[in-house]
Amino acid sequence: MSTTATSSCCSPSGTCSTASATPAQTAAAVTTTYAVSGMTCGHCKATLTKVIGELDGVTGVDVDLGTGLVTVTSTTEPNDALVAEVVDEAGYELTGRA
């Protein structure tokens with residue numbers, strides 16, 4: 001009977017479709033918030049989302065124009081110098097971690 005209970009949450013390939021996948025993904029995520037100056041509009045937001053999102057390991061970018069903060073979610077600790085470089089090349093200024 002325990003075989004039936006185990007197969008109810010696992011796919012035929014043996015992967016679990018419930019709890020074990022989600023915590024592993026959450027535990028691996030690193031969230032870093034940066035202060036960025038020069039952002040004023042939706043185009044700024046789209047540009048920064050694109051250029052930062054293209055960096056290796058980045059899984060998400062949230063740009064808040066009102067606060068001037070950019071939150072980067074990545075699989076490992078981000079390289080601040082590299083993030084600053086792409087932000088500067090896009091025409092904005094990363095002033096540090098928030």
# chains A, B, ... in the order shown; residues from 1 in each chain; ligands from 1

call {"tool": "residues_around", "arguments": {"residues": "Thr76 in chain A", "least_positions_apart": "2", "cutoff": "9 Å", "atoms": "only C-alpha atoms", "output": "count of residues only"}}
result
8

call {"tool": "residues_around", "arguments": {"residues": "Lys45 in chain A", "least_positions_apart": "5", "cutoff": "9 Å", "atoms": "only C-alpha atoms", "output": "list in words"}}
result
Met39, Thr40, Lys50, Asp62, Val63, Asp64 and Leu65 of chain A

call {"tool": "atom_distance", "arguments": {"atom1": "CA of Glu77 in chain A", "atom2": "CA of Ala46 in chain A"}}
result
22.9 Å

call {"tool": "residues_around", "arguments": {"residues": "Val87 in chain A", "least_positions_apart": "4", "cutoff": "12 Å", "atoms": "only C-alpha atoms", "output": "list in words"}}
result
Tyr34, Ala35, Val36, Ser37, Gly38, Met39, Cys44, Lys45, Thr47, Leu48, Thr49, Lys50, Val51, Ile52, Gly53, Glu54, Leu55, Val70, Asp80, Ala81, Leu82, Val83, Gly91, Tyr92, Glu93, Leu94, Thr95 and Gly96 of chain A

call {"tool": "atom_distance", "arguments": {"atom1": "CA of Glu89 in chain A", "atom2": "CA of Thr67 in chain A"}}
result
21.1 Å

call {"tool": "residues_around", "arguments": {"residues": "Val72 in chain A", "least_positions_apart": "4", "cutoff": "6 Å", "atoms": "only C-alpha atoms", "output": "ChimeraX atom specification"}}
result
/A:31-32,60-61

call {"tool": "write_last_selection", "arguments": {"atoms": "all heavy atoms", "output": "PDB file, in the first residue's frame"}}
result
ATOM      1  N   THR A  31      18.451  37.015  -3.596  1.00  0.00           N
ATOM      2  CA  THR A  31      17.813  38.281  -3.946  1.00  0.00           C
ATOM      3  C   THR A  31      18.691  39.434  -3.479  1.00  0.00           C
ATOM      4  O   THR A  31      19.074  39.488  -2.315  1.00  0.00           O
ATOM      5  CB  THR A  31      16.418  38.381  -3.301  1.00  0.00           C
ATOM      6  OG1 THR A  31      15.633  37.271  -3.729  1.00  0.00           O
ATOM      7  CG2 THR A  31      15.727  39.678  -3.698  1.00  0.00           C
ATOM      8  N   THR A  32      19.018  40.336  -4.403  1.00  0.00           N
ATOM      9  CA  THR A  32      19.873  41.486  -4.120  1.00  0.00           C
ATOM     10  C   THR A  32      19.186  42.737  -4.642  1.00  0.00           C
ATOM     11  O   THR A  32      18.704  42.754  -5.774  1.00  0.00           O
ATOM     12  CB  THR A  32      21.246  41.321  -4.805  1.00  0.00           C
ATOM     13  OG1 THR A  32      21.780  40.041  -4.468  1.00  0.00           O
ATOM     14  CG2 THR A  32      22.205  42.403  -4.383  1.00  0.00           C
ATOM     15  N   GLY A  60      15.408  36.754 -12.396  1.00  0.00           N
ATOM     16  CA  GLY A  60      14.338  37.736 -12.322  1.00  0.00           C
ATOM     17  C   GLY A  60      14.873  39.122 -12.014  1.00  0.00           C
ATOM     18  O   GLY A  60      15.894  39.266 -11.347  1.00  0.00           O
ATOM     19  N   VAL A  61      14.174  40.134 -12.531  1.00  0.00           N
ATOM     20  CA  VAL A  61      14.541  41.529 -12.300  1.00  0.00           C
ATOM     21  C   VAL A  61      13.253  42.298 -12.046  1.00  0.00           C
ATOM     22  O   VAL A  61      12.306  42.209 -12.820  1.00  0.00           O
ATOM     23  CB  VAL A  61      15.275  42.143 -13.520  1.00  0.00           C
ATOM     24  CG1 VAL A  61      15.627  43.597 -13.265  1.00  0.00           C
ATOM     25  CG2 VAL A  61      16.509  41.342 -13.881  1.00  0.00           C
TER      26      VAL A  61
END
